[in-house]
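What follows is one structure encoded as structure tokens, with my remarks underneath.
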4 protein chains.
Amino acid sequence: MAPKIVDKEAKKIEILHAAIRVFSEKGAAKTKMIDIAIAAKIGKGTIYEYFRSKEEVFAGTFTLFYQGMESMLLECVHSTDDPEEQLCNLVNVSLVEMLEHGGEFINIMMDFWAESVRTKNEEIRSIINLKKIYDEFRALVVGILDAGIAKGVFRPIDSHVMASFFIGALDGLMLQEIMDPGIIDMKKAAGTICDCFINGIKK
Amino acid sequence: MAPKIVDKEAKKIEILHAAIRVFSEKGAAKTKMIDIAIAAKIGKGTIYEYFRSKEEVFAGTFTLFYQGMESMLLECVHSTDDPEEQLCNLVNVSLVEMLEHGGEFINIMMDFWAESVRTKNEEIRSIINLKKIYDEFRALVVGILDAGIAKGVFRPIDSHVMASFFIGALDGLMLQEIMDPGIIDMKKAAGTICDCFINGIKK
Amino acid sequence: MAPKIVDKEAKKIEILHAAIRVFSEKGAAKTKMIDIAIAAKIGKGTIYEYFRSKEEVFAGTFTLFYQGMESMLLECVHSTDDPEEQLCNLVNVSLVEMLEHGGEFINIMMDFWAESVRTKNEEIRSIINLKKIYDEFRALVVGILDAGIAKGVFRPIDSHVMASFFIGALDGLMLQEIMDPGIIDMKKAAGTICDCFINGIKK
Amino acid sequence: MAPKIVDKEAKKIEILHAAIRVFSEKGAAKTKMIDIAIAAKIGKGTIYEYFRSKEEVFAGTFTLFYQGMESMLLECVHSTDDPEEQLCNLVNVSLVEMLEHGGEFINIMMDFWAESVRTKNEEIRSIINLKKIYDEFRALVVGILDAGIAKGVFRPIDSHVMASFFIGALDGLMLQEIMDPGIIDMKKAAGTICDCFINGIKK
DNA sequence: GATGAATGAGCCTTCATTCAT
DNA sequence: CATGAATGAAGGCTCATTCAT
């Protein structure tokens, strides 16, 4: 029984990874179930053994994405106590690592954004809840900034606005990278931005 | 003859505005031609008197958007010679004005991003050419930064990376505003960001 | 008043000739009202000043066709009393003259055939009544053949079957000419066929 | 695997037969996909599992028709060496057998003629290539006639014109039968025509 | 009268989902 | 369990017809 469940779960993840590949390439709206099936090397009907609908597959990819992102971010923050270093870690992880290890997620993110804003399906809305996730992300950064301010490392800036700005910059850079892959030297950008951002708020 | 042309063109624009409203609300993929027709208070078939296909309507909304944006940005830059002021103008226009006067465009922008990256239709690709538009936008900001560096107002930072960062931050902030309207006090944010950004690169 | 009516009638005929051109080229089913309007160099709506529907235009072209054909055939027969000559005249008129002066009719005839067999519209059926027309045509030929038999010029063949054969051959040759224009040297064919046909039934 | 292929192919043929029934009754242009689906007792979408478009279904019916006709004609010719008998066989097969066993084909033939002449779709044109088929048919008859002339059975007539005449007569007779079913006693007609035709060219 | 902009019924086609094997 | 053949709801688009000018 137990191994069965594990297998079921493993296959589900497999399908989700296939789905991510296709969503990322074609966009969720233009992806057909058969595309996912082919990418997962299974039959079209099999998907429905693991998911009730296309929307549920989409929601599944989001959950997978979110789990990965969350652990990445927390790791960044927990690896040090220095606010400056924490921010730099976030920049590096977001820009460099994400592009390298999860290029597909970046592309699919556009669909998450769009779906998150517009879906009327309450179940989906509760899963692809980017409002909440951005809130959490902002809270994380606000925490770092406030700690820095408290330590006297940063100027007493408005940490909420600043966090939004910080997160926005990361998203916006990724967006440009998506629109025109290679246009931005991400390693260089990460360095410059850390530098500039810290500079802008340092006491 | 002349009034006829004006009327035809005016109706086209009217339809595009209706389309923008619907695209922005439902997303382009989930928008049906009948939705646009109803929003424009015309018959379904009438749209095809002005556009050859749904895709062409979508491309039309983009062109409308782009024209508005372009003139806005150029206005910002031409109104002064001071690099600092120019950057602040861009921030203000992007965040404050755009949200106020073009809330719909912000929403529809997600569809432009997605379509721009993924469409295989060459004609559409040549119209919704965000790669080119971002290039131009970056060039504009690079010009400002380089002027500031030349004047000795800014540190000798990598202006291309900096421009990407700057533009990214604006996009990213709008994105957060879309995800969660009202979460960011845009007027305040604009001020803080001008301040912080200039601070970060000022000599 | 009188000239008005003449004008109306003249314009109707003009439109019908335009319609014939287009029907003949594209086929009735694939012809659009706008095609006819353009061919007639009038506005789309104007057609409806003269005809109630596309079907009525189609029926009109048929009537025009039928009138022309009928007078042609009768002329053939009335120009001589000799049965052999009458048959040869029919052959010549059908193959040579028709192709030369009414190539368009030949093409459109396929649509008359098809519509005649299949229309369920009783009004149309009563106009495009090829059953009746072929009956008349057969009766005409049967008359010639019977006259020839009575005169002792022809063998006592079954004149009804023979007439069908005769008419069939003319239609069938035109059909081949339509499928592959130029494949048949019609002048030569007319001669050979007169010769052969007469030979086959001559005493 | 093998049985699967057979089944798929069998169902395709089944659909084609249903399509032929409907095309033949309503005409290809006025036939809707749903009509074919109902005639085949399947769902509308199922047709698209076997054919890519309505046009392809139409082309399929033609191929079915052509295969049947070709084997029929060749059989006629191969069953004997006597040119006279070969011609009579052709007459009999065309008129009697075809009407009895393929009445539907006769009706649909009008659509083949029309489509063959007018389609601009190159793929369809290459399938419904009546020009080629009539060429082959004429060549077949020319061969018989030339053999008869060589044997001294037939007069030295122009065999190409004669073949066109012969084939034309068969088509033309079927056409009259379509226009007015039963008007022609085909068995009698076949006999009379064999007789007359042979008589007309016999030495 | 003549026109062409407007209309919506109707059709082809797609694709998510079902279900018999 | 896995599959893919079957399905029909749904949507983009066409075009005959209407009607205000």
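Ordering of the structure tokens sets the chain letters (A, B, ...), residue numbers begin anew at 1 in every chain, and ligands are numbered from 1 in the order given.
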
Could you please write out, as a ChimeraX atom specification, every residue of region 29-143 of chain A that DSSP assigns to helix (DSSP H, G or I)?
-> /A:33-39,44-50,54-78,83-118,122-127,130-143

Any chance you could tabulate, as JSON lines, the residues of chain A at most 10 Å from chain F with each one's nearest atom pair and distance in Å to one decimal, using only C-alpha atoms (C1' of nucleotides), in chain and rising number order?
{"residue": "A:Ile42", "atom": "CA", "partner": "F:DA2", "partner_atom": "C1'", "distance": 8.3}
{"residue": "A:Gly43", "atom": "CA", "partner": "F:DT3", "partner_atom": "C1'", "distance": 5.6}
{"residue": "A:Lys44", "atom": "CA", "partner": "F:DG4", "partner_atom": "C1'", "distance": 7.1}
{"residue": "A:Gly45", "atom": "CA", "partner": "F:DT3", "partner_atom": "C1'", "distance": 6.3}
{"residue": "A:Thr46", "atom": "CA", "partner": "F:DA2", "partner_atom": "C1'", "distance": 6.0}
{"residue": "A:Ile47", "atom": "CA", "partner": "F:DA2", "partner_atom": "C1'", "distance": 9.8}
{"residue": "A:Glu49", "atom": "CA", "partner": "F:DC1", "partner_atom": "C1'", "distance": 8.6}

As a short mmCIF file (atom, residue, chain, number, x, y, z; two decimals) with N, CA and C atoms, in the first residue's frame, please: the residues near region 116-124 of chain B (cut-off 10 Å, only C-alpha atoms (C1' of nucleotides), same-chain neighbours under 3 positions excluded).
data_model
loop_
_atom_site.label_atom_id
_atom_site.label_comp_id
_atom_site.auth_asym_id
_atom_site.auth_seq_id
_atom_site.Cartn_x
_atom_site.Cartn_y
_atom_site.Cartn_z
N SER A 24 5.43 26.09 -20.00
CA SER A 24 6.48 27.10 -20.12
C SER A 24 6.75 27.43 -21.57
N GLU A 25 6.65 26.43 -22.43
CA GLU A 25 6.97 26.67 -23.83
C GLU A 25 5.82 27.34 -24.58
N LYS A 26 4.63 26.80 -24.38
CA LYS A 26 3.49 27.25 -25.18
C LYS A 26 2.57 28.21 -24.44
N GLY A 27 2.70 28.25 -23.15
CA GLY A 27 1.73 28.99 -22.36
C GLY A 27 0.60 28.06 -21.97
N LYS A 30 -2.56 27.75 -24.34
CA LYS A 30 -2.41 27.08 -25.62
C LYS A 30 -1.89 25.65 -25.48
N ASN A 107 9.34 31.21 -17.10
CA ASN A 107 8.39 31.36 -18.19
C ASN A 107 6.97 31.09 -17.72
N ILE A 178 13.30 37.06 -19.80
CA ILE A 178 12.38 36.21 -20.55
C ILE A 178 12.11 36.78 -21.94
N MET A 179 11.88 38.10 -21.98
CA MET A 179 11.55 38.74 -23.26
C MET A 179 12.68 38.62 -24.26
N ASP A 180 13.88 38.60 -23.73
CA ASP A 180 15.05 38.69 -24.60
C ASP A 180 16.22 37.96 -23.94
N GLU B 55 -6.69 37.66 -33.23
CA GLU B 55 -5.27 37.99 -33.05
C GLU B 55 -5.00 39.44 -33.48
N GLU B 56 -5.66 39.84 -34.55
CA GLU B 56 -5.42 41.20 -35.04
C GLU B 56 -6.01 42.23 -34.07
N PHE B 58 -6.12 41.79 -30.89
CA PHE B 58 -5.14 41.79 -29.80
C PHE B 58 -3.94 42.66 -30.17
N ALA B 59 -3.44 42.44 -31.38
CA ALA B 59 -2.30 43.24 -31.84
C ALA B 59 -2.67 44.72 -31.85
N GLY B 60 -3.92 44.99 -32.22
CA GLY B 60 -4.37 46.38 -32.24
C GLY B 60 -4.34 47.01 -30.86
N MET B 110 0.26 41.79 -19.02
CA MET B 110 0.64 40.40 -18.78
C MET B 110 0.41 39.55 -20.01
N ASP B 111 -0.65 39.86 -20.73
CA ASP B 111 -0.91 39.12 -21.96
C ASP B 111 0.07 39.50 -23.06
N PHE B 112 0.45 40.77 -23.08
CA PHE B 112 1.44 41.17 -24.07
C PHE B 112 2.75 40.43 -23.82
N TRP B 113 3.16 40.43 -22.55
CA TRP B 113 4.39 39.71 -22.21
C TRP B 113 4.32 38.27 -22.70
N ILE B 127 4.52 42.91 -34.54
CA ILE B 127 3.75 44.00 -33.93
C ILE B 127 3.99 44.03 -32.43
N ILE B 128 3.72 42.91 -31.78
CA ILE B 128 3.94 42.84 -30.33
C ILE B 128 5.40 42.50 -30.08
N ASN B 129 6.25 43.45 -30.46
CA ASN B 129 7.68 43.19 -30.39
C ASN B 129 8.26 43.82 -29.13
N LEU B 130 8.02 43.17 -28.02
CA LEU B 130 8.45 43.76 -26.76
C LEU B 130 9.96 43.76 -26.61
N LYS B 131 10.59 42.82 -27.25
CA LYS B 131 12.06 42.80 -27.26
C LYS B 131 12.58 44.15 -27.73
#

Might you pull out every residue within 12 Å of Ile184 (chain D), with only C-alpha atoms (C1' of nucleotides) counted and same-chain residues fewer than 3 positions away left off, and present them as number ranges by chain?
-> C: 134-135, 138, 158-165, 168; D: 95-96, 99, 172-181, 187-190, 192

Up to 10 Å from chain E, what residues of chain D turn up? Count only C-alpha atoms (C1' of nucleotides) and give them as a list in words.
->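 That gives Lys32, Met33, Ile34, Lys44, Gly45, Tyr48, Arg52, Ser53 and Lys54 of chain D for chain D.
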
Please provide as an NGL selection string all residues within 8 Å of Ile15 (chain A), with the sequence filter that same-chain residues fewer than 6 positions apart are discarded (counting only C-alpha atoms (C1' of nucleotides)).
-> :A and (36-37 or 40 or 47)

For the residues in the current selection, export C-alpha atoms as a PDB file, in the first residue's frame.
ATOM      1  CA  ILE A  36       1.310  17.141 -21.652  1.00  0.00           C
ATOM      2  CA  ALA A  37       0.613  13.460 -22.214  1.00  0.00           C
ATOM      3  CA  ALA A  40       5.129  12.793 -20.006  1.00  0.00           C
ATOM      4  CA  ILE A  47      -3.454  12.231 -16.785  1.00  0.00           C
TER       5      ILE A  47
END

Selected residue of minimal separation from chain D among C:Lys132, C:Ile149, C:Gln67, C:Lys11, counting only C-alpha atoms |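 Closest to chain D of all the choices is C:Lys132.
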
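Atom pair CA of Leu16 (chain C) / CA of Glu70 (chain C) has a distance of 17.9 Å (rounded to one decimal).
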
Between C:Ala29, C:Ile20, C:Val77, C:Cys194, which has the minimum distance to chain D (counting only C-alpha atoms)?
->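 Closest to chain D of all the choices is C:Ala29.
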
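Shortest separation to chain D among C:Ala169, C:Pro83, C:Ile106, C:Lys202 occurs at residue C:Ala169, atoms counted being only C-alpha atoms.
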
CA of Asp35 (chain B) and CA of Phe23 (chain A) are how many Å apart?
->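 Going from CA of Asp35 (chain B) over to CA of Phe23 (chain A) covers 25.5 Å.
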